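Have a look at data10.pdb; it's PDB, C-alpha atoms, pLDDT in the B column:
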```
ATOM      1  CA  MET A1331     -13.094 -35.179   7.525  1.00 45.00           C
ATOM      2  CA  THR A1332     -14.417 -33.278   4.530  1.00 49.00           C
ATOM      3  CA  LEU A1333     -14.326 -29.858   2.947  1.00 46.00           C
ATOM      4  CA  GLU A1334     -16.964 -28.711   0.482  1.00 48.00           C
ATOM      5  CA  VAL A1335     -16.304 -25.748  -1.803  1.00 49.00           C
ATOM      6  CA  GLU A1336     -18.711 -24.577  -4.470  1.00 47.00           C
ATOM      7  CA  GLN A1337     -17.475 -22.640  -7.498  1.00 49.00           C
ATOM      8  CA  PRO A1338     -19.682 -21.104 -10.201  1.00 46.00           C
ATOM      9  CA  ALA A1339     -19.829 -22.945 -13.516  1.00 44.00           C
ATOM     10  CA  ARG A1340     -18.339 -20.780 -16.250  1.00 45.00           C
ATOM     11  CA  LYS A1341     -20.330 -22.024 -19.227  1.00 47.00           C
ATOM     12  CA  THR A1342     -23.820 -23.192 -19.997  1.00 51.00           C
ATOM     13  CA  TRP A1343     -24.552 -26.884 -20.162  1.00 63.00           C
ATOM     14  CA  VAL A1344     -27.262 -29.241 -21.409  1.00 71.00           C
ATOM     15  CA  ARG A1345     -29.235 -30.755 -18.552  1.00 78.00           C
ATOM     16  CA  GLU A1346     -29.743 -34.516 -18.581  1.00 84.00           C
ATOM     17  CA  THR A1347     -33.228 -35.935 -19.132  1.00 91.00           C
ATOM     18  CA  ARG A1348     -35.334 -36.884 -16.114  1.00 91.00           C
ATOM     19  CA  PHE A1349     -34.805 -40.525 -16.995  1.00 92.00           C
ATOM     20  CA  GLY A1350     -31.063 -39.970 -17.173  1.00 90.00           C
ATOM     21  CA  GLU A1351     -30.952 -38.249 -13.786  1.00 91.00           C
ATOM     22  CA  TRP A1352     -32.925 -41.111 -12.266  1.00 94.00           C
ATOM     23  CA  PHE A1353     -30.843 -43.831 -13.927  1.00 92.00           C
ATOM     24  CA  LEU A1354     -27.524 -42.390 -12.730  1.00 92.00           C
ATOM     25  CA  ASN A1355     -28.659 -42.941  -9.143  1.00 94.00           C
ATOM     26  CA  THR A1356     -29.808 -46.549  -9.518  1.00 96.00           C
ATOM     27  CA  ASP A1357     -28.141 -49.756  -8.321  1.00 95.00           C
ATOM     28  CA  THR A1358     -27.859 -50.824 -11.962  1.00 93.00           C
ATOM     29  CA  TRP A1359     -25.696 -47.807 -12.738  1.00 94.00           C
ATOM     30  CA  VAL A1360     -23.584 -48.141  -9.598  1.00 96.00           C
ATOM     31  CA  ASN A1361     -22.974 -51.895  -9.698  1.00 95.00           C
ATOM     32  CA  ARG A1362     -23.250 -52.862 -13.373  1.00 93.00           C
ATOM     33  CA  VAL A1363     -21.717 -49.812 -15.004  1.00 95.00           C
ATOM     34  CA  LEU A1364     -19.575 -47.757 -12.604  1.00 97.00           C
ATOM     35  CA  LYS A1365     -18.162 -50.589 -10.468  1.00 97.00           C
ATOM     36  CA  ILE A1366     -17.469 -52.835 -13.452  1.00 97.00           C
ATOM     37  CA  ALA A1367     -15.666 -50.013 -15.271  1.00 97.00           C
ATOM     38  CA  LEU A1368     -13.502 -49.305 -12.227  1.00 98.00           C
ATOM     39  CA  ASP A1369     -12.733 -53.017 -11.820  1.00 98.00           C
ATOM     40  CA  ASP A1370     -11.579 -53.145 -15.434  1.00 98.00           C
ATOM     41  CA  LEU A1371      -9.526 -49.939 -15.211  1.00 98.00           C
ATOM     42  CA  GLU A1372      -7.866 -51.089 -11.999  1.00 98.00           C
ATOM     43  CA  SER A1373      -6.943 -54.412 -13.627  1.00 98.00           C
ATOM     44  CA  ILE A1374      -5.006 -52.616 -16.399  1.00 98.00           C
ATOM     45  CA  LEU A1375      -3.467 -49.976 -14.118  1.00 98.00           C
ATOM     46  CA  THR A1376       0.121 -51.178 -14.046  1.00 96.00           C
ATOM     47  CA  PRO A1377       2.140 -50.373 -12.150  1.00 94.00           C
ATOM     48  CA  LYS A1378      -0.347 -49.410  -9.443  1.00 96.00           C
ATOM     49  CA  LEU A1379       0.907 -47.192  -6.638  1.00 97.00           C
ATOM     50  CA  GLU A1380       0.008 -47.881  -3.030  1.00 96.00           C
ATOM     51  CA  ARG A1381      -1.630 -44.453  -2.782  1.00 97.00           C
ATOM     52  CA  TYR A1382      -2.600 -41.580  -5.077  1.00 98.00           C
ATOM     53  CA  PRO A1383      -2.505 -38.527  -2.772  1.00 98.00           C
ATOM     54  CA  THR A1384      -4.742 -36.188  -4.818  1.00 98.00           C
ATOM     55  CA  ILE A1385      -7.457 -37.491  -7.144  1.00 98.00           C
ATOM     56  CA  LEU A1386      -9.729 -35.481  -9.429  1.00 98.00           C
ATOM     57  CA  ASP A1387     -13.076 -37.096 -10.289  1.00 98.00           C
ATOM     58  CA  VAL A1388     -14.583 -35.378 -13.329  1.00 98.00           C
ATOM     59  CA  GLY A1389     -18.378 -35.494 -13.600  1.00 96.00           C
ATOM     60  CA  ILE A1390     -19.367 -36.942 -10.221  1.00 96.00           C
ATOM     61  CA  GLY A1391     -23.147 -36.736 -10.608  1.00 93.00           C
ATOM     62  CA  HIS A1392     -24.616 -38.259  -7.442  1.00 95.00           C
ATOM     63  CA  GLY A1393     -21.160 -38.915  -6.018  1.00 96.00           C
ATOM     64  CA  HIS A1394     -21.120 -42.730  -6.097  1.00 97.00           C
ATOM     65  CA  SER A1395     -17.628 -42.793  -7.601  1.00 98.00           C
ATOM     66  CA  LEU A1396     -16.199 -40.769  -4.691  1.00 98.00           C
ATOM     67  CA  LEU A1397     -16.566 -43.651  -2.263  1.00 97.00           C
ATOM     68  CA  MET A1398     -15.085 -46.169  -4.701  1.00 98.00           C
ATOM     69  CA  LEU A1399     -12.055 -43.994  -5.427  1.00 98.00           C
ATOM     70  CA  ASP A1400     -11.531 -43.381  -1.716  1.00 98.00           C
ATOM     71  CA  GLN A1401     -11.570 -47.101  -0.955  1.00 97.00           C
ATOM     72  CA  ARG A1402      -9.476 -48.271  -3.916  1.00 98.00           C
ATOM     73  CA  PHE A1403      -6.738 -45.637  -4.191  1.00 98.00           C
ATOM     74  CA  ARG A1404      -6.501 -44.207  -0.655  1.00 97.00           C
ATOM     75  CA  PRO A1405      -6.198 -40.496  -1.527  1.00 98.00           C
ATOM     76  CA  GLN A1406      -5.522 -37.805   1.036  1.00 98.00           C
ATOM     77  CA  ASN A1407      -7.518 -35.322  -1.033  1.00 98.00           C
ATOM     78  CA  LEU A1408     -10.363 -36.055  -3.416  1.00 98.00           C
ATOM     79  CA  ILE A1409     -11.742 -33.358  -5.712  1.00 98.00           C
ATOM     80  CA  GLY A1410     -15.186 -33.980  -7.167  1.00 97.00           C
ATOM     81  CA  LEU A1411     -15.956 -31.773 -10.164  1.00 97.00           C
ATOM     82  CA  ASP A1412     -19.270 -31.315 -11.953  1.00 96.00           C
ATOM     83  CA  VAL A1413     -20.921 -28.555 -13.969  1.00 94.00           C
ATOM     84  CA  ASN A1414     -24.317 -29.177 -12.349  1.00 93.00           C
ATOM     85  CA  PRO A1415     -24.872 -26.691  -9.475  1.00 92.00           C
ATOM     86  CA  GLU A1416     -27.121 -29.224  -7.736  1.00 92.00           C
ATOM     87  CA  VAL A1417     -24.292 -31.730  -7.293  1.00 92.00           C
ATOM     88  CA  PRO A1418     -22.982 -30.530  -3.893  1.00 92.00           C
ATOM     89  CA  LYS A1419     -26.411 -31.212  -2.398  1.00 94.00           C
ATOM     90  CA  GLN A1420     -27.140 -34.502  -4.144  1.00 92.00           C
ATOM     91  CA  ALA A1421     -23.675 -35.926  -3.384  1.00 95.00           C
ATOM     92  CA  ALA A1422     -23.494 -34.689   0.219  1.00 95.00           C
ATOM     93  CA  ASP A1423     -24.024 -38.092   1.844  1.00 96.00           C
ATOM     94  CA  LYS A1424     -21.237 -39.658  -0.257  1.00 96.00           C
ATOM     95  CA  VAL A1425     -18.880 -36.819   0.662  1.00 96.00           C
ATOM     96  CA  THR A1426     -19.368 -37.311   4.394  1.00 95.00           C
ATOM     97  CA  ALA A1427     -18.894 -41.082   4.036  1.00 96.00           C
ATOM     98  CA  CYS A1428     -15.376 -40.733   2.583  1.00 97.00           C
ATOM     99  CA  ASP A1429     -12.356 -41.108   4.868  1.00 96.00           C
ATOM    100  CA  CYS A1430     -10.297 -38.537   2.966  1.00 97.00           C
ATOM    101  CA  GLU A1431     -10.700 -34.783   2.560  1.00 97.00           C
ATOM    102  CA  VAL A1432     -13.277 -34.075  -0.163  1.00 97.00           C
ATOM    103  CA  GLN A1433     -13.630 -30.856  -2.134  1.00 96.00           C
ATOM    104  CA  ILE A1434     -16.575 -30.325  -4.474  1.00 96.00           C
ATOM    105  CA  LEU A1435     -16.141 -27.906  -7.381  1.00 96.00           C
ATOM    106  CA  VAL A1436     -19.003 -26.748  -9.556  1.00 95.00           C
ATOM    107  CA  ASN A1437     -16.879 -26.111 -12.599  1.00 93.00           C
ATOM    108  CA  ASN A1438     -16.708 -26.763 -16.333  1.00 94.00           C
ATOM    109  CA  ALA A1439     -14.258 -29.509 -17.277  1.00 96.00           C
ATOM    110  CA  THR A1440     -12.985 -27.434 -20.198  1.00 96.00           C
ATOM    111  CA  ALA A1441     -11.771 -24.634 -17.897  1.00 95.00           C
ATOM    112  CA  MET A1442     -11.049 -26.080 -14.468  1.00 96.00           C
ATOM    113  CA  GLU A1443     -10.120 -23.777 -11.629  1.00 95.00           C
ATOM    114  CA  LEU A1444      -7.251 -25.979 -10.481  1.00 97.00           C
ATOM    115  CA  ALA A1445      -3.512 -25.346 -10.459  1.00 98.00           C
ATOM    116  CA  ASP A1446      -1.157 -26.827 -13.039  1.00 98.00           C
ATOM    117  CA  GLN A1447       0.295 -30.234 -12.085  1.00 98.00           C
ATOM    118  CA  SER A1448      -1.763 -30.415  -8.895  1.00 98.00           C
ATOM    119  CA  VAL A1449      -3.298 -33.920  -9.018  1.00 98.00           C
ATOM    120  CA  ASP A1450      -1.931 -37.463  -9.169  1.00 98.00           C
ATOM    121  CA  MET A1451      -4.923 -39.126 -10.836  1.00 98.00           C
ATOM    122  CA  VAL A1452      -7.836 -37.996 -12.990  1.00 98.00           C
ATOM    123  CA  PHE A1453     -10.898 -40.249 -13.121  1.00 98.00           C
ATOM    124  CA  CYS A1454     -13.278 -39.619 -16.024  1.00 98.00           C
ATOM    125  CA  HIS A1455     -16.090 -42.167 -16.185  1.00 98.00           C
ATOM    126  CA  GLN A1456     -18.759 -41.719 -18.875  1.00 96.00           C
ATOM    127  CA  THR A1457     -18.243 -37.955 -18.802  1.00 95.00           C
ATOM    128  CA  LEU A1458     -16.227 -37.026 -21.880  1.00 95.00           C
ATOM    129  CA  HIS A1459     -19.012 -37.986 -24.284  1.00 94.00           C
ATOM    130  CA  HIS A1460     -21.235 -35.396 -22.559  1.00 94.00           C
ATOM    131  CA  ILE A1461     -18.770 -32.597 -23.405  1.00 94.00           C
ATOM    132  CA  ALA A1462     -18.962 -30.803 -26.743  1.00 93.00           C
ATOM    133  CA  ASP A1463     -15.393 -29.445 -26.592  1.00 95.00           C
ATOM    134  CA  GLN A1464     -13.661 -32.693 -25.752  1.00 96.00           C
ATOM    135  CA  ALA A1465     -10.212 -31.510 -26.848  1.00 97.00           C
ATOM    136  CA  SER A1466     -10.254 -28.680 -24.305  1.00 96.00           C
ATOM    137  CA  ALA A1467     -11.323 -31.062 -21.557  1.00 97.00           C
ATOM    138  CA  VAL A1468      -8.546 -33.558 -22.319  1.00 98.00           C
ATOM    139  CA  SER A1469      -6.046 -30.696 -22.476  1.00 98.00           C
ATOM    140  CA  GLU A1470      -7.216 -29.679 -18.997  1.00 98.00           C
ATOM    141  CA  PHE A1471      -6.779 -33.237 -17.713  1.00 98.00           C
ATOM    142  CA  TYR A1472      -3.182 -33.149 -18.939  1.00 98.00           C
ATOM    143  CA  ARG A1473      -2.554 -29.693 -17.479  1.00 98.00           C
ATOM    144  CA  VAL A1474      -3.666 -30.524 -13.938  1.00 98.00           C
ATOM    145  CA  LEU A1475      -1.900 -33.903 -13.801  1.00 98.00           C
ATOM    146  CA  LYS A1476       1.556 -34.088 -12.300  1.00 98.00           C
ATOM    147  CA  PRO A1477       4.301 -35.582 -14.499  1.00 98.00           C
ATOM    148  CA  GLY A1478       3.887 -39.336 -14.217  1.00 98.00           C
ATOM    149  CA  GLY A1479       0.241 -38.873 -13.232  1.00 98.00           C
ATOM    150  CA  VAL A1480      -2.482 -41.177 -14.542  1.00 98.00           C
ATOM    151  CA  LEU A1481      -5.802 -40.695 -16.299  1.00 98.00           C
ATOM    152  CA  LEU A1482      -8.434 -43.417 -15.853  1.00 98.00           C
ATOM    153  CA  MET A1483     -10.977 -42.931 -18.636  1.00 98.00           C
ATOM    154  CA  ALA A1484     -14.040 -45.048 -19.423  1.00 98.00           C
ATOM    155  CA  GLU A1485     -16.192 -43.886 -22.320  1.00 97.00           C
ATOM    156  CA  SER A1486     -19.112 -44.981 -24.447  1.00 96.00           C
ATOM    157  CA  CYS A1487     -18.266 -44.698 -28.129  1.00 97.00           C
ATOM    158  CA  ARG A1488     -20.204 -43.268 -31.057  1.00 96.00           C
ATOM    159  CA  LYS A1489     -21.854 -46.599 -31.976  1.00 95.00           C
ATOM    160  CA  PHE A1490     -23.610 -46.760 -28.613  1.00 94.00           C
ATOM    161  CA  ILE A1491     -24.392 -43.058 -28.174  1.00 95.00           C
ATOM    162  CA  HIS A1492     -25.960 -42.896 -31.643  1.00 95.00           C
ATOM    163  CA  SER A1493     -28.186 -45.919 -30.994  1.00 93.00           C
ATOM    164  CA  LEU A1494     -31.927 -45.261 -30.924  1.00 92.00           C
ATOM    165  CA  PRO A1495     -32.581 -46.121 -27.235  1.00 90.00           C
ATOM    166  CA  VAL A1496     -29.823 -43.787 -26.076  1.00 92.00           C
ATOM    167  CA  ARG A1497     -30.976 -40.996 -28.369  1.00 93.00           C
ATOM    168  CA  LEU A1498     -34.492 -41.315 -26.963  1.00 93.00           C
ATOM    169  CA  LEU A1499     -33.631 -41.568 -23.265  1.00 92.00           C
ATOM    170  CA  PHE A1500     -30.551 -39.365 -22.808  1.00 93.00           C
ATOM    171  CA  ARG A1501     -29.048 -36.108 -24.062  1.00 93.00           C
ATOM    172  CA  HIS A1502     -25.579 -35.812 -25.595  1.00 93.00           C
ATOM    173  CA  PRO A1503     -23.729 -33.494 -28.010  1.00 93.00           C
ATOM    174  CA  MET A1504     -24.099 -35.842 -30.961  1.00 93.00           C
ATOM    175  CA  ARG A1505     -21.495 -34.249 -33.234  1.00 93.00           C
ATOM    176  CA  ALA A1506     -18.809 -34.692 -30.574  1.00 95.00           C
ATOM    177  CA  GLN A1507     -19.103 -38.479 -30.389  1.00 96.00           C
ATOM    178  CA  LYS A1508     -16.061 -40.559 -31.337  1.00 98.00           C
ATOM    179  CA  THR A1509     -14.996 -44.100 -32.117  1.00 98.00           C
ATOM    180  CA  ASP A1510     -12.590 -45.933 -29.819  1.00 97.00           C
ATOM    181  CA  SER A1511      -9.626 -45.143 -32.082  1.00 98.00           C
ATOM    182  CA  GLU A1512     -10.619 -41.472 -32.260  1.00 98.00           C
ATOM    183  CA  TYR A1513     -10.687 -41.248 -28.457  1.00 98.00           C
ATOM    184  CA  LEU A1514      -7.208 -42.765 -28.323  1.00 98.00           C
ATOM    185  CA  GLN A1515      -5.987 -40.279 -30.926  1.00 98.00           C
ATOM    186  CA  LEU A1516      -7.478 -37.431 -28.894  1.00 98.00           C
ATOM    187  CA  LEU A1517      -5.502 -38.510 -25.841  1.00 98.00           C
ATOM    188  CA  GLN A1518      -2.293 -38.894 -27.829  1.00 98.00           C
ATOM    189  CA  ASP A1519      -2.734 -35.526 -29.538  1.00 98.00           C
ATOM    190  CA  ASN A1520      -2.827 -33.926 -26.106  1.00 98.00           C
ATOM    191  CA  GLY A1521       0.394 -35.552 -24.921  1.00 98.00           C
ATOM    192  CA  PHE A1522      -0.831 -38.678 -23.132  1.00 98.00           C
ATOM    193  CA  GLU A1523       0.957 -42.002 -23.409  1.00 98.00           C
ATOM    194  CA  THR A1524      -1.397 -44.866 -24.326  1.00 97.00           C
ATOM    195  CA  ASP A1525      -0.015 -48.396 -24.537  1.00 97.00           C
ATOM    196  CA  PRO A1526      -1.956 -51.472 -25.736  1.00 97.00           C
ATOM    197  CA  GLU A1527      -1.658 -53.197 -22.343  1.00 98.00           C
ATOM    198  CA  HIS A1528      -3.433 -50.218 -20.762  1.00 98.00           C
ATOM    199  CA  ILE A1529      -6.440 -50.297 -23.117  1.00 98.00           C
ATOM    200  CA  SER A1530      -9.627 -52.347 -22.819  1.00 98.00           C
ATOM    201  CA  ARG A1531     -12.635 -52.528 -25.110  1.00 97.00           C
ATOM    202  CA  PRO A1532     -15.380 -54.230 -23.102  1.00 94.00           C
ATOM    203  CA  TYR A1533     -18.361 -55.223 -25.222  1.00 89.00           C
ATOM    204  CA  THR A1534     -20.815 -54.846 -22.357  1.00 83.00           C
ATOM    205  CA  TRP A1535     -24.288 -56.323 -22.733  1.00 79.00           C
ATOM    206  CA  TRP A1536     -26.006 -53.015 -22.086  1.00 81.00           C
ATOM    207  CA  SER A1537     -24.099 -51.321 -24.916  1.00 86.00           C
ATOM    208  CA  ARG A1538     -25.326 -53.733 -27.596  1.00 82.00           C
ATOM    209  CA  ALA A1539     -28.388 -53.316 -29.767  1.00 75.00           C
ATOM    210  CA  ASP A1540     -29.647 -56.757 -28.683  1.00 69.00           C
ATOM    211  CA  LEU A1541     -28.617 -56.269 -25.008  1.00 64.00           C
ATOM    212  CA  GLY A1542     -26.470 -59.395 -25.315  1.00 65.00           C
ATOM    213  CA  LEU A1543     -29.409 -61.694 -26.098  1.00 67.00           C
ATOM    214  CA  LEU A1544     -27.874 -63.279 -29.212  1.00 62.00           C
ATOM    215  CA  GLU A1545     -24.698 -64.229 -27.359  1.00 64.00           C
ATOM    216  CA  LEU A1546     -26.833 -65.678 -24.565  1.00 68.00           C
ATOM    217  CA  LEU A1547     -28.547 -67.836 -27.187  1.00 69.00           C
ATOM    218  CA  GLY A1548     -25.187 -69.136 -28.395  1.00 73.00           C
ATOM    219  CA  LYS A1549     -24.202 -66.808 -31.250  1.00 71.00           C
ATOM    220  CA  ARG A1550     -20.523 -65.877 -31.264  1.00 76.00           C
ATOM    221  CA  VAL A1551     -19.640 -62.221 -30.848  1.00 70.00           C
ATOM    222  CA  SER A1552     -18.057 -60.862 -34.017  1.00 71.00           C
ATOM    223  CA  GLU A1553     -14.551 -59.466 -33.663  1.00 76.00           C
ATOM    224  CA  ASP A1554     -15.151 -57.361 -36.770  1.00 74.00           C
ATOM    225  CA  ARG A1555     -17.356 -54.724 -35.156  1.00 85.00           C
ATOM    226  CA  GLU A1556     -17.459 -51.063 -34.280  1.00 92.00           C
ATOM    227  CA  GLU A1557     -16.637 -50.873 -30.569  1.00 94.00           C
ATOM    228  CA  THR A1558     -19.214 -49.500 -28.156  1.00 95.00           C
ATOM    229  CA  GLN A1559     -16.924 -48.919 -25.142  1.00 97.00           C
ATOM    230  CA  ILE A1560     -13.313 -48.053 -24.415  1.00 98.00           C
ATOM    231  CA  ASN A1561     -11.429 -48.001 -21.123  1.00 98.00           C
ATOM    232  CA  VAL A1562      -7.984 -46.416 -21.049  1.00 98.00           C
ATOM    233  CA  VAL A1563      -5.247 -45.954 -18.478  1.00 98.00           C
ATOM    234  CA  ALA A1564      -3.179 -43.086 -19.900  1.00 98.00           C
ATOM    235  CA  PHE A1565      -0.100 -41.453 -18.389  1.00 98.00           C
ATOM    236  CA  ARG A1566       1.325 -37.969 -18.481  1.00 98.00           C
ATOM    237  CA  PRO A1567       5.028 -38.544 -19.242  1.00 97.00           C
ATOM    238  CA  ASP A1568       7.579 -37.809 -16.488  1.00 92.00           C
TER     239      ASP A1568
END
```

Can you present the structure in this file as structure tokens?
Amino acid sequence: MTLEVEQPARKTWVRETRFGEWFLNTDTWVNRVLKIALDDLESILTPKLERYPTILDVGIGHGHSLLMLDQRFRPQNLIGLDVNPEVPKQAADKVTACDCEVQILVNNATAMELADQSVDMVFCHQTLHHIADQASAVSEFYRVLKPGGVLLMAESCRKFIHSLPVRLLFRHPMRAQKTDSEYLQLLQDNGFETDPEHISRPYTWWSRADLGLLELLGKRVSEDREETQINVVAFRPD
């Protein structure tokens, strides 16, 4: 059973490139980026509750993450938020496939039309680096989370976003990009608790300049590097 509600986006936004729109609906994105990130986040989500009644998914795009969240965390209500007014249409088949109630909001993540302390989990996968005012977005995540609620965040860091292939194929607010430590500081500055056991820095093949070829040929990966990815399970204190 589903419920779809469309709200007007409050602010302008930068539309993704045609390549980007296509890529975000491919099997490569779903299975080698989204699924792997969720697997990693779930592995560091401790303790994990049996159910998270209300989940907010920020930046749903084509809606692939809705089904995964529904299956993994068994929500009663799932809110899919995106600034793109075309999202309700392009994610419609994923909405109807979910077992839980689904609400779609066309809304800006920096000014969400949701009540304070109204959700148990916020999922933000590869969305924050698309937002120019990241501090306002993270503040909103904190505001809508219930005390004890959890933020699952997976982000590409500045090293990757500033790489030439990404600059050519995708669009991002370049001045907003951050290192892994800067993303952690942003969460902490907005009140989130971030512990080392709830942080992962996967050096995924697709985020490297050589696409992992040198490691495949036997070269050891340097530990003295600027990270390209960060996954964080952060909590709003009780």

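Counting from CA of Val1468 (chain A), the distance to CA of Pro1567 (chain A) is 14.8 Å.
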
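Taking CA of Glu1380 (chain A) as the reference point, CA of Leu1517 (chain A) is found at 25.3 Å.
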
Report task. Check what the PyMOL selection byres ((chain A and resi 1414-1430) around 7) selects in the file above and give those residues as number ranges by chain. Result -> A: 1331-1332, 1391-1394, 1396-1397, 1400, 1405-1408, 1412-1413, 1431-1432, 1434, 1436

Requested in this report: Could you tell me which of A:His1459, A:Glu1553, A:Asp1446, A:Trp1536 comes closest to Met1504 (chain A) if we count only C-alpha atoms?
Outcome: A:His1459

Requested in this report: Quick one: apply the PyMOL selection byres ((chain A and resi 1461-1463) around 10) to the file and drop the selected residues here as a PyMOL selection string.
Outcome: chain A and resi 1343-1344+1438-1440+1457-1460+1464-1468+1502-1507

Report task. With a distance cut-off of 7 Å and all atoms listed in the file, select the neighbouring residues of Glu1346 (chain A), excluding the residue or stretch itself and same-chain residues fewer than 4 positions from it, and output the selection as a list in words. Result -> Gly1350, Glu1351, Phe1500 and Arg1501 of chain A

Query raised in the report: Smallest atom-to-atom distance to Asn1520 (chain A): which of A:Phe1565, A:Lys1476, A:Leu1499, A:Leu1494, using only C-alpha atoms?
Result: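 Going through A:Phe1565, A:Lys1476, A:Leu1499, A:Leu1494 one by one, the smallest distance to Asn1520 (chain A) is for A:Phe1565.
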
Requested in this report: Determine the residue set returned by the PyMOL selection byres ((chain A and resi 1372) around 12) for the present structure, and present it as a PyMOL selection string.
Outcome: chain A and resi 1365-1371+1373-1379+1398-1399+1402-1403+1453+1480-1484+1528-1530+1561-1563

Within 10 Å of Asp1510 (chain A), counting all atoms listed in the file, which residues show up once you throw out same-chain ones fewer than 6 positions away? Write them as a PDB file with C-alpha atoms, in the frame of the given file, please.
```
ATOM      1  CA  GLU A1485     -16.192 -43.886 -22.320  1.00 97.00           C
ATOM      2  CA  SER A1486     -19.112 -44.981 -24.447  1.00 96.00           C
ATOM      3  CA  CYS A1487     -18.266 -44.698 -28.129  1.00 97.00           C
ATOM      4  CA  ARG A1488     -20.204 -43.268 -31.057  1.00 96.00           C
ATOM      5  CA  LYS A1489     -21.854 -46.599 -31.976  1.00 95.00           C
ATOM      6  CA  LEU A1516      -7.478 -37.431 -28.894  1.00 98.00           C
ATOM      7  CA  SER A1530      -9.627 -52.347 -22.819  1.00 98.00           C
ATOM      8  CA  ARG A1531     -12.635 -52.528 -25.110  1.00 97.00           C
ATOM      9  CA  GLU A1556     -17.459 -51.063 -34.280  1.00 92.00           C
ATOM     10  CA  GLU A1557     -16.637 -50.873 -30.569  1.00 94.00           C
ATOM     11  CA  THR A1558     -19.214 -49.500 -28.156  1.00 95.00           C
ATOM     12  CA  GLN A1559     -16.924 -48.919 -25.142  1.00 97.00           C
ATOM     13  CA  ILE A1560     -13.313 -48.053 -24.415  1.00 98.00           C
ATOM     14  CA  ASN A1561     -11.429 -48.001 -21.123  1.00 98.00           C
ATOM     15  CA  VAL A1562      -7.984 -46.416 -21.049  1.00 98.00           C
TER      16      VAL A1562
END
```

Requested in this report: In Å, rounded to a single decimal, give me how far CA of Phe1471 (chain A) is from CA of Ile1409 (chain A).
Outcome: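 Atom-to-atom, CA of Ile1409 (chain A) and CA of Phe1471 (chain A) are spaced 13.0 Å apart.
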
Query raised in the report: Out of A:Gln1456, A:Gln1518, A:Thr1347, A:Gln1433, which residue has the shortest atom-to-atom distance to Leu1364 (chain A) when counting all atoms listed in the file?
Result: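 Selected residue with least distance to Leu1364 (chain A): A:Gln1456.
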
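Nearest-residue note for Cys1454 (chain A): choosing from A:Tyr1533, A:Gly1410, A:Phe1349, A:Asn1361, the minimum distance belongs to A:Gly1410, counting all atoms listed in the file.
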
Query raised in the report: Pick from A:Leu1386, A:Leu1435, A:Arg1538, A:Phe1490: nearest to Thr1509 (chain A), with all atoms listed in the file counted?
Result: A:Phe1490

Query raised in the report: With distances taken over all atoms listed in the file, which of A:Asn1437, A:Met1451, A:Asp1568, A:Lys1549 is nearest to Arg1404 (chain A)?
Result: A:Met1451

Query raised in the report: Residues at most 8 Å from Gln1447 (chain A), counting all atoms listed in the file, excluding those fewer than 2 positions away in the same chain, as a list in words?
Result: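 The residues that qualify are Ala1445, Val1449, Arg1473, Val1474, Leu1475, Lys1476 and Pro1477 of chain A.
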
Next, the residues of the selection above should be written as a PDB file, keeping the file's coordinate frame with C-alpha atoms.
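File produced: out.pdb:
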```
ATOM      1  CA  ALA A1445      -3.512 -25.346 -10.459  1.00 98.00           C
ATOM      2  CA  VAL A1449      -3.298 -33.920  -9.018  1.00 98.00           C
ATOM      3  CA  ARG A1473      -2.554 -29.693 -17.479  1.00 98.00           C
ATOM      4  CA  VAL A1474      -3.666 -30.524 -13.938  1.00 98.00           C
ATOM      5  CA  LEU A1475      -1.900 -33.903 -13.801  1.00 98.00           C
ATOM      6  CA  LYS A1476       1.556 -34.088 -12.300  1.00 98.00           C
ATOM      7  CA  PRO A1477       4.301 -35.582 -14.499  1.00 98.00           C
TER       8      PRO A1477
END
```

Reconstructed N, CA and C atoms for region 1373-1382 of chain A, given as a PDB file, keeping the file's coordinate frame:
```
ATOM      1  N   SER A1373      -7.660 -53.211 -13.184  1.00 98.00           N
ATOM      2  CA  SER A1373      -6.943 -54.412 -13.627  1.00 98.00           C
ATOM      3  C   SER A1373      -5.865 -54.094 -14.654  1.00 98.00           C
ATOM      4  N   ILE A1374      -6.015 -52.978 -15.399  1.00 98.00           N
ATOM      5  CA  ILE A1374      -5.006 -52.616 -16.399  1.00 98.00           C
ATOM      6  C   ILE A1374      -4.138 -51.444 -15.939  1.00 98.00           C
ATOM      7  N   LEU A1375      -4.300 -51.027 -14.680  1.00 98.00           N
ATOM      8  CA  LEU A1375      -3.467 -49.976 -14.118  1.00 98.00           C
ATOM      9  C   LEU A1375      -2.187 -50.606 -13.586  1.00 98.00           C
ATOM     10  N   THR A1376      -1.165 -50.614 -14.437  1.00 96.00           N
ATOM     11  CA  THR A1376       0.121 -51.178 -14.046  1.00 96.00           C
ATOM     12  C   THR A1376       1.248 -50.238 -14.476  1.00 96.00           C
ATOM     13  N   PRO A1377       2.181 -49.958 -13.554  1.00 94.00           N
ATOM     14  CA  PRO A1377       2.140 -50.373 -12.150  1.00 94.00           C
ATOM     15  C   PRO A1377       1.132 -49.539 -11.364  1.00 94.00           C
ATOM     16  N   LYS A1378       0.588 -50.125 -10.302  1.00 96.00           N
ATOM     17  CA  LYS A1378      -0.347 -49.410  -9.443  1.00 96.00           C
ATOM     18  C   LYS A1378       0.375 -48.980  -8.169  1.00 96.00           C
ATOM     19  N   LEU A1379       0.277 -47.698  -7.849  1.00 97.00           N
ATOM     20  CA  LEU A1379       0.907 -47.192  -6.638  1.00 97.00           C
ATOM     21  C   LEU A1379       0.078 -47.564  -5.413  1.00 97.00           C
ATOM     22  N   GLU A1380       0.713 -47.572  -4.268  1.00 96.00           N
ATOM     23  CA  GLU A1380       0.008 -47.881  -3.030  1.00 96.00           C
ATOM     24  C   GLU A1380      -1.019 -46.807  -2.699  1.00 96.00           C
ATOM     25  N   ARG A1381      -0.721 -45.565  -3.076  1.00 97.00           N
ATOM     26  CA  ARG A1381      -1.630 -44.453  -2.782  1.00 97.00           C
ATOM     27  C   ARG A1381      -1.477 -43.377  -3.847  1.00 97.00           C
ATOM     28  N   TYR A1382      -2.590 -42.743  -4.184  1.00 98.00           N
ATOM     29  CA  TYR A1382      -2.600 -41.580  -5.077  1.00 98.00           C
ATOM     30  C   TYR A1382      -3.086 -40.398  -4.240  1.00 98.00           C
TER      31      TYR A1382
END
```
